[in-house]
$ cat data.txt   # compact mmCIF, C-alpha atoms and all ligand atoms
# COMPACT_ATOMS: atom_id res chain seq x y z
CA MET Z 17 0.00 0.00 0.00
CA THR Z 18 1.39 3.43 -0.85
CA HIS Z 19 1.08 6.38 1.45
CA GLU Z 20 0.72 9.82 0.07
CA PHE Z 21 2.03 12.93 1.75
CA LYS Z 22 1.39 16.43 0.57
CA THR Z 23 5.01 17.25 1.34
CA GLU Z 24 7.52 15.25 3.35
CA ASN Z 25 6.90 11.81 4.81
CA PRO Z 26 7.60 12.47 8.53
CA LEU Z 27 8.97 8.96 8.95
CA VAL Z 28 11.71 9.63 6.38
CA SER Z 29 12.54 12.84 8.21
CA VAL Z 30 12.73 11.28 11.69
CA LYS Z 31 14.87 8.40 10.40
CA LYS Z 32 17.35 10.91 8.97
CA LYS Z 33 17.61 12.55 12.38
CA ILE Z 34 18.17 9.21 14.11
CA LYS Z 35 20.87 8.35 11.56
CA THR Z 36 22.73 11.65 12.04
CA ALA Z 37 22.66 11.30 15.84
CA CYS Z 38 23.79 7.65 15.70
CA LYS Z 39 26.69 8.60 13.42
CA SER Z 40 27.83 11.48 15.65
CA LEU Z 41 27.64 9.21 18.69
CA GLY Z 42 29.63 6.46 16.96
CA GLU Z 43 26.75 3.97 17.31
CA THR Z 44 26.64 0.95 14.99
CA LYS Z 45 24.44 0.57 11.93
CA GLU Z 46 22.60 -2.15 13.84
CA MET Z 47 21.79 0.37 16.58
CA TYR Z 48 20.45 2.80 13.97
CA LEU Z 49 18.25 0.05 12.52
CA HIS Z 50 17.08 -0.93 16.01
CA LEU Z 51 16.13 2.66 16.92
CA SER Z 52 14.57 3.58 13.60
CA GLN Z 53 12.03 0.76 13.55
CA PRO Z 54 9.02 0.34 15.80
CA GLU Z 55 8.99 -2.58 18.20
CA ARG Z 56 5.33 -3.36 17.79
CA MET Z 57 2.61 -2.12 15.48
CA LEU Z 58 -1.05 -2.95 15.35
CA GLU Z 59 -3.29 -2.02 12.45
CA VAL Z 60 -6.97 -2.44 13.24
CA SER Z 61 -10.32 -1.95 11.62
CA ILE Z 62 -13.08 -0.68 13.85
CA PRO Z 63 -16.72 -1.31 12.95
CA VAL Z 64 -18.96 1.40 14.40
CA LYS Z 65 -22.74 1.36 14.46
CA MET Z 66 -23.75 4.82 13.21
CA ASP Z 67 -26.86 6.68 14.40
CA ASN Z 68 -28.69 5.77 11.18
CA GLY Z 69 -28.38 2.07 12.00
CA LEU Z 70 -25.72 1.33 9.36
CA THR Z 71 -22.24 0.17 10.23
CA LYS Z 72 -19.14 2.03 9.11
CA THR Z 73 -15.60 0.66 9.43
CA PHE Z 74 -12.70 2.91 10.44
CA LYS Z 75 -8.98 2.26 10.20
CA GLY Z 76 -6.85 2.62 13.32
CA TYR Z 77 -3.27 2.08 14.51
CA ARG Z 78 -1.27 1.74 17.71
CA VAL Z 79 2.48 1.85 17.34
CA GLN Z 80 4.94 1.15 20.16
CA HIS Z 81 8.26 2.50 19.04
CA ASN Z 82 10.70 1.52 21.77
CA GLY Z 83 10.00 0.14 25.23
CA SER Z 84 13.55 -0.41 26.42
CA ALA Z 85 13.48 2.49 28.88
CA GLY Z 86 10.04 1.75 30.35
CA PRO Z 87 6.37 1.38 29.41
CA THR Z 88 5.54 3.15 26.16
CA LYS Z 89 3.59 6.40 26.25
CA GLY Z 90 1.83 8.59 23.71
CA GLY Z 91 -1.42 10.05 22.52
CA ILE Z 92 -4.21 8.93 20.24
CA ARG Z 93 -5.27 11.21 17.40
CA PHE Z 94 -8.49 11.20 15.44
CA HIS Z 95 -7.86 12.84 12.06
CA THR Z 96 -8.60 12.35 8.36
CA ASP Z 97 -4.86 12.37 7.51
CA VAL Z 98 -3.90 9.60 9.95
CA GLN Z 99 -1.88 6.87 8.29
CA ARG Z 100 0.73 4.27 9.13
CA ASP Z 101 4.03 6.10 8.47
CA GLU Z 102 2.79 9.20 10.26
CA VAL Z 103 1.85 7.19 13.38
CA ILE Z 104 5.27 5.46 13.36
CA ALA Z 105 6.99 8.87 13.13
CA LEU Z 106 4.84 10.25 15.93
CA ALA Z 107 5.60 7.20 18.11
CA SER Z 108 9.35 7.66 17.47
CA TRP Z 109 9.16 11.33 18.44
CA MET Z 110 7.52 10.26 21.72
CA THR Z 111 10.49 7.98 22.52
CA PHE Z 112 12.94 10.85 22.05
CA LYS Z 113 10.68 13.37 23.79
CA CYS Z 114 10.50 11.17 26.90
CA GLY Z 115 14.29 10.72 26.66
CA VAL Z 116 14.97 14.46 26.52
CA MET Z 117 12.77 14.97 29.58
CA ASP Z 118 14.30 12.01 31.49
CA LEU Z 119 10.90 10.37 31.88
CA PRO Z 120 10.94 6.60 32.54
CA TYR Z 121 9.01 5.85 29.35
CA GLY Z 122 9.43 4.75 25.77
CA GLY Z 123 7.33 6.18 22.95
CA ALA Z 124 4.05 5.13 21.35
CA LYS Z 125 1.26 6.70 19.34
CA GLY Z 126 -2.18 5.76 18.14
CA GLY Z 127 -4.54 7.11 15.56
CA VAL Z 128 -7.83 6.62 13.80
CA LYS Z 129 -8.50 7.90 10.30
CA VAL Z 130 -11.75 9.80 10.77
CA ASP Z 131 -13.35 13.18 10.28
CA VAL Z 132 -14.64 13.86 13.80
CA SER Z 133 -16.73 16.82 12.64
CA LYS Z 134 -18.99 14.30 10.84
CA LEU Z 135 -19.68 12.19 13.97
CA SER Z 136 -22.40 12.68 16.55
CA VAL Z 137 -21.28 12.49 20.17
CA PHE Z 138 -22.73 8.95 20.43
CA GLU Z 139 -20.86 7.84 17.32
CA LEU Z 140 -17.68 9.36 18.73
CA GLU Z 141 -18.14 7.40 21.97
CA ARG Z 142 -18.74 4.14 20.07
CA LEU Z 143 -15.66 4.77 17.94
CA ALA Z 144 -13.52 5.45 21.04
CA ARG Z 145 -14.76 2.26 22.70
CA GLY Z 146 -14.35 0.23 19.49
CA TYR Z 147 -10.76 1.43 19.10
CA ILE Z 148 -9.96 0.34 22.67
CA GLN Z 149 -11.55 -3.09 22.11
CA ALA Z 150 -9.23 -3.44 19.12
CA ILE Z 151 -5.97 -2.38 20.81
CA ALA Z 152 -6.67 -3.67 24.36
CA PRO Z 153 -4.37 -6.72 24.01
CA ILE Z 154 -1.26 -4.53 23.74
CA ILE Z 155 -1.91 -1.63 26.16
CA GLY Z 156 -1.96 -1.39 29.96
CA GLU Z 157 -0.76 0.69 32.90
CA ARG Z 158 2.68 -0.97 33.02
CA ARG Z 159 2.90 -1.58 29.29
CA ASP Z 160 1.60 1.20 27.06
CA ILE Z 161 -0.33 4.20 28.36
CA PRO Z 162 -2.34 6.27 25.83
CA ALA Z 163 -3.32 9.93 26.22
CA PRO Z 164 -5.08 12.64 24.19
CA ASP Z 165 -3.63 14.11 21.00
CA VAL Z 166 -5.15 15.97 18.02
CA ASN Z 167 -9.00 15.88 18.25
CA THR Z 168 -9.13 13.68 21.35
CA ASN Z 169 -9.75 14.99 24.87
CA ALA Z 170 -10.45 14.18 28.51
CA GLN Z 171 -14.01 12.95 27.82
CA ILE Z 172 -12.71 10.51 25.21
CA MET Z 173 -10.10 9.27 27.72
CA ALA Z 174 -12.91 8.68 30.26
CA TRP Z 175 -14.80 6.47 27.77
CA MET Z 176 -11.58 4.64 26.99
CA VAL Z 177 -10.76 3.98 30.66
CA ASP Z 178 -14.31 2.73 31.19
CA GLU Z 179 -14.12 0.42 28.18
CA TYR Z 180 -10.66 -0.86 29.02
CA SER Z 181 -11.57 -1.49 32.67
CA ASN Z 182 -14.71 -3.40 31.62
CA LEU Z 183 -12.71 -5.49 29.15
CA ARG Z 184 -10.13 -6.44 31.75
CA GLY Z 185 -13.06 -7.60 33.89
CA ILE Z 186 -11.37 -7.50 37.28
CA GLY Z 187 -13.89 -5.14 38.86
CA GLN Z 188 -11.42 -2.27 39.10
CA THR Z 189 -11.23 1.10 37.38
CA LEU Z 190 -7.78 1.10 35.83
CA PHE Z 191 -7.04 4.82 36.08
CA ALA Z 192 -3.29 4.54 35.45
CA SER Z 193 -3.85 2.90 32.06
CA PHE Z 194 -4.66 6.28 30.40
CA THR Z 195 -3.65 9.87 31.12
CA GLY Z 196 -5.25 13.19 30.21
CA LYS Z 197 -8.45 12.10 31.97
CA PRO Z 198 -11.06 14.48 33.43
CA VAL Z 199 -9.97 15.80 36.84
CA GLU Z 200 -13.13 14.29 38.41
CA PHE Z 201 -12.16 10.87 37.02
CA GLY Z 202 -8.54 10.29 37.98
CA GLY Z 203 -7.09 13.15 35.94
CA SER Z 204 -4.38 15.51 37.13
CA LEU Z 205 -4.89 19.19 37.75
CA ALA Z 206 -2.95 21.27 35.20
CA ARG Z 207 -2.82 18.42 32.61
CA ASN Z 208 -5.21 20.08 30.17
CA GLU Z 209 -3.12 23.26 30.17
CA ALA Z 210 0.23 21.43 30.24
CA THR Z 211 1.37 21.36 26.59
CA GLY Z 212 0.56 25.04 25.97
CA TYR Z 213 1.99 26.04 29.35
CA GLY Z 214 5.17 24.16 28.46
CA VAL Z 215 5.51 26.01 25.15
CA ALA Z 216 5.25 29.29 27.07
CA ILE Z 217 7.85 28.12 29.63
CA MET Z 218 10.30 27.16 26.90
CA MET Z 219 9.82 30.46 25.12
CA LYS Z 220 10.31 32.53 28.27
CA GLU Z 221 13.35 30.58 29.44
CA PHE Z 222 15.00 30.44 26.03
CA LEU Z 223 14.53 34.20 25.60
CA GLU Z 224 15.99 34.77 29.06
CA HIS Z 225 18.99 32.67 28.11
CA LYS Z 226 19.41 34.98 25.12
CA THR Z 227 19.10 37.92 27.55
CA ILE Z 228 15.81 38.99 25.94
CA ASN Z 229 12.84 39.86 28.13
CA ILE Z 230 9.65 38.22 26.87
CA SER Z 231 7.82 41.53 27.48
CA ASP Z 232 9.89 43.09 24.70
CA THR Z 233 8.86 40.52 22.08
CA THR Z 234 6.07 40.05 19.56
CA ILE Z 235 4.72 36.56 18.92
CA ALA Z 236 2.66 34.75 16.27
CA ILE Z 237 0.87 31.46 17.03
CA GLN Z 238 -0.32 29.08 14.31
CA GLY Z 239 -3.13 26.79 15.56
CA PHE Z 240 -5.61 27.58 18.29
CA GLY Z 241 -6.50 24.14 19.66
CA ASN Z 242 -5.46 22.87 23.07
CA VAL Z 243 -1.77 23.68 22.50
CA GLY Z 244 -1.97 27.06 20.72
CA GLY Z 245 -4.83 28.31 22.90
CA TYR Z 246 -3.08 27.69 26.22
CA ALA Z 247 0.34 28.67 24.85
CA GLY Z 248 -1.14 32.07 23.95
CA THR Z 249 -2.78 32.50 27.34
CA TYR Z 250 0.40 31.73 29.29
CA ILE Z 251 2.75 33.67 26.96
CA GLN Z 252 0.55 36.70 27.56
CA GLN Z 253 0.62 36.06 31.32
CA PHE Z 254 4.42 36.05 31.14
CA GLY Z 255 4.27 39.46 29.40
CA GLY Z 256 4.63 38.52 25.71
CA LYS Z 257 2.61 40.39 23.07
CA ILE Z 258 0.69 38.07 20.72
CA ILE Z 259 0.20 39.93 17.47
CA ALA Z 260 -1.14 37.07 15.31
CA VAL Z 261 -2.97 33.79 15.72
CA SER Z 262 -4.55 31.42 13.23
CA ASP Z 263 -6.78 28.37 13.10
CA ALA Z 264 -8.02 26.17 10.24
CA GLN Z 265 -10.28 29.00 8.97
CA CYS Z 266 -8.32 32.25 9.12
CA SER Z 267 -5.69 34.33 10.85
CA LEU Z 268 -6.18 37.34 13.14
CA ILE Z 269 -3.50 40.00 13.04
CA ASP Z 270 -3.19 43.04 15.30
CA ASN Z 271 0.13 44.77 15.88
CA ASP Z 272 -1.19 46.27 19.12
CA GLY Z 273 -1.67 42.76 20.52
CA LEU Z 274 -4.64 40.39 20.78
CA ASP Z 275 -6.36 39.66 24.09
CA MET Z 276 -5.78 35.94 24.60
CA GLN Z 277 -8.28 35.49 27.39
CA LYS Z 278 -11.11 36.99 25.35
CA LEU Z 279 -10.06 35.11 22.25
CA HIS Z 280 -9.80 31.79 24.11
CA LYS Z 281 -13.34 32.31 25.44
CA TYR Z 282 -14.62 33.18 21.96
CA TYR Z 283 -12.93 30.09 20.49
CA HIS Z 284 -14.60 27.81 23.02
CA GLU Z 285 -18.01 29.26 22.25
CA HIS Z 286 -17.65 29.21 18.43
CA ASN Z 287 -15.07 26.51 17.77
CA THR Z 288 -13.15 28.97 15.57
CA ILE Z 289 -11.46 32.36 15.87
CA SER Z 290 -13.25 33.50 12.71
CA GLY Z 291 -15.78 36.28 13.37
CA TYR Z 292 -14.01 37.47 16.54
CA ASP Z 293 -13.01 40.76 14.91
CA PRO Z 294 -13.62 40.85 11.12
CA LYS Z 295 -11.40 43.94 10.68
CA LYS Z 296 -8.40 41.93 11.86
CA GLU Z 297 -9.22 38.80 9.89
CA HIS Z 298 -6.93 37.63 7.04
CA ASP Z 299 -6.21 34.49 5.06
CA ARG Z 300 -5.01 31.64 7.23
CA ASP Z 301 -1.47 31.51 5.84
CA GLU Z 302 -0.86 35.26 6.23
CA LEU Z 303 0.27 34.37 9.75
CA PHE Z 304 3.57 33.01 8.45
CA LYS Z 305 4.41 36.34 6.81
CA VAL Z 306 3.92 38.46 9.90
CA GLU Z 307 6.83 40.58 11.13
CA CYS Z 308 7.39 39.17 14.64
CA ASP Z 309 10.17 37.97 16.96
CA VAL Z 310 8.89 34.49 17.78
CA LEU Z 311 6.74 32.10 15.78
CA CYS Z 312 4.99 29.13 17.39
CA PRO Z 313 3.62 26.52 14.98
CA CYS Z 314 1.06 24.68 17.16
CA ALA Z 315 -1.02 22.70 14.65
CA LEU Z 316 0.10 19.70 12.56
CA GLU Z 317 3.16 18.29 10.80
CA ASN Z 318 4.71 19.98 7.75
CA ALA Z 319 3.17 23.43 8.31
CA ILE Z 320 6.46 25.16 7.42
CA ARG Z 321 7.67 23.93 4.05
CA LEU Z 322 9.85 24.86 1.14
CA ASP Z 323 7.08 27.08 -0.24
CA ASN Z 324 6.64 29.29 2.84
CA ALA Z 325 9.96 29.04 4.76
CA GLU Z 326 11.34 32.11 2.98
CA ASP Z 327 8.34 34.18 4.14
CA ILE Z 328 9.15 33.71 7.79
CA LYS Z 329 10.50 36.81 9.50
CA ALA Z 330 10.72 35.50 13.07
CA LYS Z 331 14.19 34.97 14.51
CA ILE Z 332 13.06 32.25 16.89
CA ILE Z 333 10.63 29.36 16.34
CA VAL Z 334 9.22 27.39 19.27
CA GLU Z 335 7.54 24.20 18.02
CA GLY Z 336 4.26 23.50 19.81
CA ALA Z 337 3.21 20.88 17.23
CA ASN Z 338 5.00 17.63 16.47
CA GLY Z 339 7.12 17.89 13.31
CA PRO Z 340 5.84 21.26 12.03
CA ILE Z 341 8.94 22.00 9.89
CA THR Z 342 10.02 19.85 6.93
CA SER Z 343 13.74 19.03 6.62
CA ASP Z 344 14.26 21.19 3.53
CA ALA Z 345 12.49 24.14 5.19
CA GLU Z 346 14.64 23.64 8.27
CA ALA Z 347 17.79 23.87 6.15
CA ILE Z 348 16.59 27.25 4.83
CA LEU Z 349 15.76 28.49 8.33
CA ASN Z 350 19.13 27.33 9.70
CA GLU Z 351 20.82 29.15 6.84
CA LYS Z 352 18.88 32.32 7.73
CA GLY Z 353 20.06 31.96 11.33
CA VAL Z 354 16.60 31.27 12.76
CA LEU Z 355 16.86 29.52 16.12
CA ILE Z 356 14.50 26.56 16.53
CA VAL Z 357 13.41 25.20 19.91
CA PRO Z 358 12.37 21.74 18.69
CA ASP Z 359 9.12 19.88 19.29
CA ILE Z 360 10.55 17.08 21.42
CA LEU Z 361 11.70 19.72 23.90
CA ALA Z 362 9.16 22.53 23.49
CA ASN Z 363 5.93 20.52 23.46
CA ALA Z 364 6.89 17.95 26.10
CA GLY Z 365 4.70 19.61 28.75
CA GLY Z 366 1.80 17.28 27.95
CA VAL Z 367 3.68 14.07 28.48
CA ILE Z 368 5.47 15.48 31.55
CA VAL Z 369 2.15 16.13 33.29
CA SER Z 370 0.86 12.81 31.93
CA TYR Z 371 3.74 11.22 33.82
CA PHE Z 372 2.71 13.15 36.95
CA GLU Z 373 -0.87 11.97 36.45
CA TRP Z 374 0.28 8.35 36.14
CA VAL Z 375 2.37 8.65 39.31
CA GLN Z 376 -0.61 10.18 41.17
CA ASN Z 377 -2.88 7.35 39.94
CA LEU Z 378 -0.43 4.62 40.97
CA HIS Z 379 -0.12 6.17 44.46
CA ASN Z 380 -3.71 7.35 44.74
CA TYR Z 381 -2.37 10.63 46.14
CA TYR Z 382 -3.22 13.86 44.33
CA TRP Z 383 -1.33 17.14 44.02
CA SER Z 384 -2.56 20.74 43.78
CA PHE Z 385 -2.62 22.74 40.51
CA GLU Z 386 0.32 24.85 41.72
CA GLU Z 387 2.38 21.80 42.75
CA VAL Z 388 1.97 20.28 39.30
CA GLN Z 389 2.85 23.49 37.47
CA ILE Z 390 5.92 24.11 39.66
CA LYS Z 391 7.17 20.57 39.01
CA GLN Z 392 6.51 20.96 35.27
CA TYR Z 393 8.36 24.28 35.18
CA GLN Z 394 11.41 22.81 36.93
CA LYS Z 395 11.55 19.76 34.68
CA MET Z 396 11.31 21.79 31.48
CA LYS Z 397 13.86 24.38 32.56
CA GLU Z 398 16.34 21.68 33.57
CA ALA Z 399 15.93 19.93 30.21
CA LEU Z 400 16.38 23.20 28.29
CA TYR Z 401 19.66 23.97 30.06
CA LYS Z 402 20.94 20.41 29.50
CA MET Z 403 20.23 20.79 25.77
CA LEU Z 404 21.84 24.23 25.64
CA ALA Z 405 24.99 22.80 27.25
CA MET Z 406 25.11 19.97 24.71
CA MET Z 407 24.55 22.45 21.87
CA SER Z 408 27.50 24.61 22.81
CA GLU Z 409 29.73 21.63 23.64
CA LYS Z 410 29.18 19.99 20.23
CA GLN Z 411 28.40 23.13 18.19
CA ILE Z 412 25.14 21.69 16.86
CA THR Z 413 21.53 22.83 16.56
CA MET Z 414 19.16 22.38 19.48
CA ARG Z 415 17.27 19.67 17.59
CA GLU Z 416 20.50 17.74 17.01
CA ALA Z 417 21.35 18.15 20.70
CA CYS Z 418 17.97 16.71 21.71
CA TYR Z 419 18.38 13.66 19.48
CA MET Z 420 21.95 13.09 20.61
CA TYR Z 421 21.07 13.38 24.30
CA SER Z 422 18.10 11.08 23.99
CA ILE Z 423 19.73 8.50 21.73
CA ARG Z 424 22.91 8.32 23.79
CA LYS Z 425 20.86 7.47 26.88
CA LEU Z 426 18.55 5.03 25.12
CA ALA Z 427 21.41 3.24 23.34
CA LYS Z 428 23.00 2.61 26.75
CA VAL Z 429 19.82 0.94 28.03
CA VAL Z 430 19.41 -1.06 24.82
CA LYS Z 431 22.97 -2.37 25.23
CA LEU Z 432 22.50 -3.10 28.93
CA ARG Z 433 19.45 -5.17 28.05
CA GLY Z 434 21.40 -7.02 25.37
CA ARG Z 435 19.01 -5.95 22.64
CA CYS Z 436 21.75 -4.53 20.42
CA ASN Z 437 25.55 -3.99 20.51
N1 LIG R 1 -0.08 13.78 22.66
C1 LIG R 1 0.88 14.44 23.48
C2 LIG R 1 2.23 14.51 22.78
O1 LIG R 1 2.33 14.41 21.58
C3 LIG R 1 0.92 13.88 24.89
C4 LIG R 1 1.24 12.42 25.03
C5 LIG R 1 1.04 11.87 26.43
O2 LIG R 1 0.67 12.61 27.31
O3 LIG R 1 1.29 10.67 26.60
O4 LIG R 1 3.24 14.74 23.40

$ encode --input "data.txt" --output "structure tokens"
Amino acid sequence: MTHEFKTENPLVSVKKKIKTACKSLGETKEMYLHLSQPERMLEVSIPVKMDNGLTKTFKGYRVQHNGSAGPTKGGIRFHTDVQRDEVIALASWMTFKCGVMDLPYGGAKGGVKVDVSKLSVFELERLARGYIQAIAPIIGERRDIPAPDVNTNAQIMAWMVDEYSNLRGIGQTLFASFTGKPVEFGGSLARNEATGYGVAIMMKEFLEHKTINISDTTIAIQGFGNVGGYAGTYIQQFGGKIIAVSDAQCSLIDNDGLDMQKLHKYYHEHNTISGYDPKKEHDRDELFKVECDVLCPCALENAIRLDNAEDIKAKIIVEGANGPITSDAEAILNEKGVLIVPDILANAGGVIVSYFEWVQNLHNYYWSFEEVQIKQYQKMKEALYKMLAMMSEKQITMREACYMYSIRKLAKVVKLRGRCN
């Protein structure tokens, strides 16, 4: 079966990065092959009874990339573009993201190819439950722990926990088998905000390292879902001026700054930023052309490509999405001297607080909102400074530093376990 990508296949891109890091670290070809292939992959078809009484079958995946360092961890996305190579790439990124953050996890990812806007809430619930029935044999609280990703949320996690607990049939609610749950149902405070908050932390800390005060900067955010929405809110709280945001419909541009709190509220009521202020509304892709200091791509893969990389005026990019820049676009940006804080560092807030949620579930002892955010802040700041040290020691980009740090650690474990030389 062939897989079509509008631009770059993200699996090809992540494999290149693994290869470069393995070479620089002097790892063997066998190690590269070991780390560039997923350990386990399940492709499923999910029959769902639709509201009209007819059955529709959806395609789904769960990929466990590498479990040498601990149980695998990663979200589940519901999206029309979901396909095999993309899920493998996303699972690999999770391995390296957990490595960069020193979390005791390997990486995984799941996805279902579906247009959620066409489903009723009951159909969505049946799809979520059907997907869990299909992947139940390979997940579990000490094995592989799913979480939300694009178009999935706390409610969907609640249905999944319920389904999985029923299937296991031991009369227990298995809270620790999923993260990103509703707070009333085993979730952690500050998990919903965590990815966006993390993007804001990374931006603030990286700017400080460059002796720039965030209050003196202008910022553009692409994507206004869970990541972009909260990133905007927290960046503004830290003093940054957001002059442009976009969603799937349009972009909003205002050089005097947009009010994130108002906009976030509007988005939740209307499910789009369109109509918020028609005078400020432009074409969606105008956002990339905006004169600003920092750009945050917070939507999907391959948003910044060969055809728009030259338009970018920002000097710093903080990646809220996974894989938002294609390799050829990255080469152009590097050439232009744009500094990139990469996805596996900048958007790790979600999985960090997922880890905290898992720990809280296993101990049945819950922390306050502030405690969680303080712990998240510390973890992200520590990781940033470790990567900065590696960057200056080896004279490499921050993305290369992240891969090298993560792969060096993982290769050690793989060797200790005797899985590769
Ligand atoms: N989906 C998020 C990510 O890409 C979070 C994964 C998790 O919490 O396990 O990092």

$ residues_near_ligand --input "data.txt" --ligand "ligand LIG 1 (chain R)" --cutoff "9 Å" --atoms "only C-alpha atoms and all ligand atoms" --output "VMD selection string"
chain Z and resid 88 to 93 106 to 107 109 to 110 113 to 114 123 to 125 161 to 166 194 to 196 207 211 337 to 338 359 to 360 363 to 371

$ residues_around --input "data.txt" --residues "range 249-255 of chain Z" --least-positions-apart "4" --cutoff "10 Å" --atoms "all atoms listed in the file" --output "ChimeraX atom specification"
/Z:209,212-220,229-233,235,244-245,273-280

$ residues_around --input "data.txt" --residues "Lys352 in chain Z" --least-positions-apart "6" --cutoff "12 Å" --atoms "all atoms listed in the file" --output "PyMOL selection string"
chain Z and resi 325-332+345-346

$ closest_residue --input "data.txt" --among "Z:Ile412, Z:Ile333, Z:Ala236, Z:Ala247" --to "Glu302 in chain Z" --atoms "all atoms listed in the file"
Z:Ala236

$ closest_residue --input "data.txt" --among "Z:Pro120, Z:Phe240, Z:His95, Z:Leu303" --to "His284 in chain Z" --atoms "all atoms listed in the file"
Z:Phe240

$ atom_distance --input "data.txt" --atom1 "CA of Lys39 in chain Z" --atom2 "CA of Met414 in chain Z"
16.8 Å

$ atom_distance --input "data.txt" --atom1 "CA of Met176 in chain Z" --atom2 "CA of Leu378 in chain Z"
17.9 Å

$ closest_residue --input "data.txt" --among "Z:Arg56, Z:Ala192, Z:Ala206, Z:Gly434" --to "Tyr393 in chain Z" --atoms "all atoms listed in the file"
Z:Ala206

$ residues_around --input "data.txt" --residues "Met117 in chain Z" --least-positions-apart "5" --cutoff "9 Å" --atoms "all atoms listed in the file" --output "PDB file with C-alpha atoms, keeping the file's coordinate frame"
ATOM      1  CA  PHE Z 112      12.940  10.850  22.050  1.00  0.00           C
ATOM      2  CA  ILE Z 360      10.550  17.080  21.420  1.00  0.00           C
ATOM      3  CA  LEU Z 361      11.700  19.720  23.900  1.00  0.00           C
ATOM      4  CA  ALA Z 364       6.890  17.950  26.100  1.00  0.00           C
ATOM      5  CA  ILE Z 368       5.470  15.480  31.550  1.00  0.00           C
ATOM      6  CA  LYS Z 395      11.550  19.760  34.680  1.00  0.00           C
ATOM      7  CA  MET Z 396      11.310  21.790  31.480  1.00  0.00           C
ATOM      8  CA  GLU Z 398      16.340  21.680  33.570  1.00  0.00           C
ATOM      9  CA  ALA Z 399      15.930  19.930  30.210  1.00  0.00           C
ATOM     10  CA  SER Z 422      18.100  11.080  23.990  1.00  0.00           C
TER      11      SER Z 422
END

$ atom_distance --input "data.txt" --atom1 "CA of Thr23 in chain Z" --atom2 "CA of Leu316 in chain Z"
12.5 Å

$ closest_residue --input "data.txt" --among "Z:Val116, Z:Val375, Z:Val98, Z:Leu349" --to "Leu404 in chain Z" --atoms "all atoms listed in the file"
Z:Val116

$ axis_aligned_box --input "data.txt" --around "range 204-214 of chain Z" --padding-each-side "5 Å" --output "AutoDock Vina command-line options"
--center_x 0.0 --center_y 20.8 --center_z 31.9 --size_x 20.4 --size_y 20.5 --size_z 21.8

$ closest_residue --input "data.txt" --among "Z:Thr73, Z:Thr234, Z:Gly115, Z:Tyr283" --to "Arg424 in chain Z" --atoms "only C-alpha atoms"
Z:Gly115

$ closest_residue --input "data.txt" --among "Z:Gly122, Z:Gly127, Z:Pro358, Z:Gly76" --to "Phe222 in chain Z" --atoms "only C-alpha atoms"
Z:Pro358

$ residues_around --input "data.txt" --residues "Cys266 in chain Z" --least-positions-apart "5" --cutoff "9 Å" --atoms "all atoms listed in the file" --output "list in words"
Val261, Thr288, Ile289, Ser290, Glu297, His298, Asp299, Arg300, Asp301, Glu302 and Leu303 of chain Z

$ residues_around --input "data.txt" --residues "Met66 in chain Z" --least-positions-apart "3" --cutoff "12 Å" --atoms "only C-alpha atoms" --output "list in words"
Pro63, Gly69, Leu70, Thr71, Lys72, Thr73, Phe74, Lys134, Leu135, Ser136, Val137, Phe138, Glu139, Leu140, Glu141, Arg142 and Leu143 of chain Z

$ decode --input "data.txt" --residues "range 76-85 of chain Z" --atoms "N, CA and C atoms" --output "short mmCIF file (atom, residue, chain, number, x, y, z; two decimals), in the first residue's frame"
data_model
loop_
_atom_site.label_atom_id
_atom_site.label_comp_id
_atom_site.auth_asym_id
_atom_site.auth_seq_id
_atom_site.Cartn_x
_atom_site.Cartn_y
_atom_site.Cartn_z
N GLY Z 76 -7.58 2.08 12.17
CA GLY Z 76 -6.85 2.62 13.32
C GLY Z 76 -5.49 1.96 13.48
N TYR Z 77 -4.62 2.60 14.28
CA TYR Z 77 -3.27 2.08 14.51
C TYR Z 77 -2.88 2.31 15.98
N ARG Z 78 -2.02 1.44 16.49
CA ARG Z 78 -1.27 1.74 17.71
C ARG Z 78 0.15 1.26 17.46
N VAL Z 79 1.09 2.18 17.59
CA VAL Z 79 2.48 1.85 17.34
C VAL Z 79 3.28 2.05 18.62
N GLN Z 80 4.04 1.02 19.01
CA GLN Z 80 4.94 1.15 20.16
C GLN Z 80 6.35 1.19 19.60
N HIS Z 81 6.98 2.33 19.71
CA HIS Z 81 8.26 2.50 19.04
C HIS Z 81 9.41 1.81 19.76
N ASN Z 82 9.60 2.14 21.04
CA ASN Z 82 10.70 1.52 21.77
C ASN Z 82 10.39 1.48 23.26
N GLY Z 83 10.36 0.29 23.82
CA GLY Z 83 10.00 0.14 25.23
C GLY Z 83 11.18 -0.23 26.10
N SER Z 84 12.39 -0.01 25.62
CA SER Z 84 13.55 -0.41 26.42
C SER Z 84 13.66 0.36 27.72
N ALA Z 85 13.29 1.65 27.69
CA ALA Z 85 13.48 2.49 28.88
C ALA Z 85 12.29 2.48 29.83
#
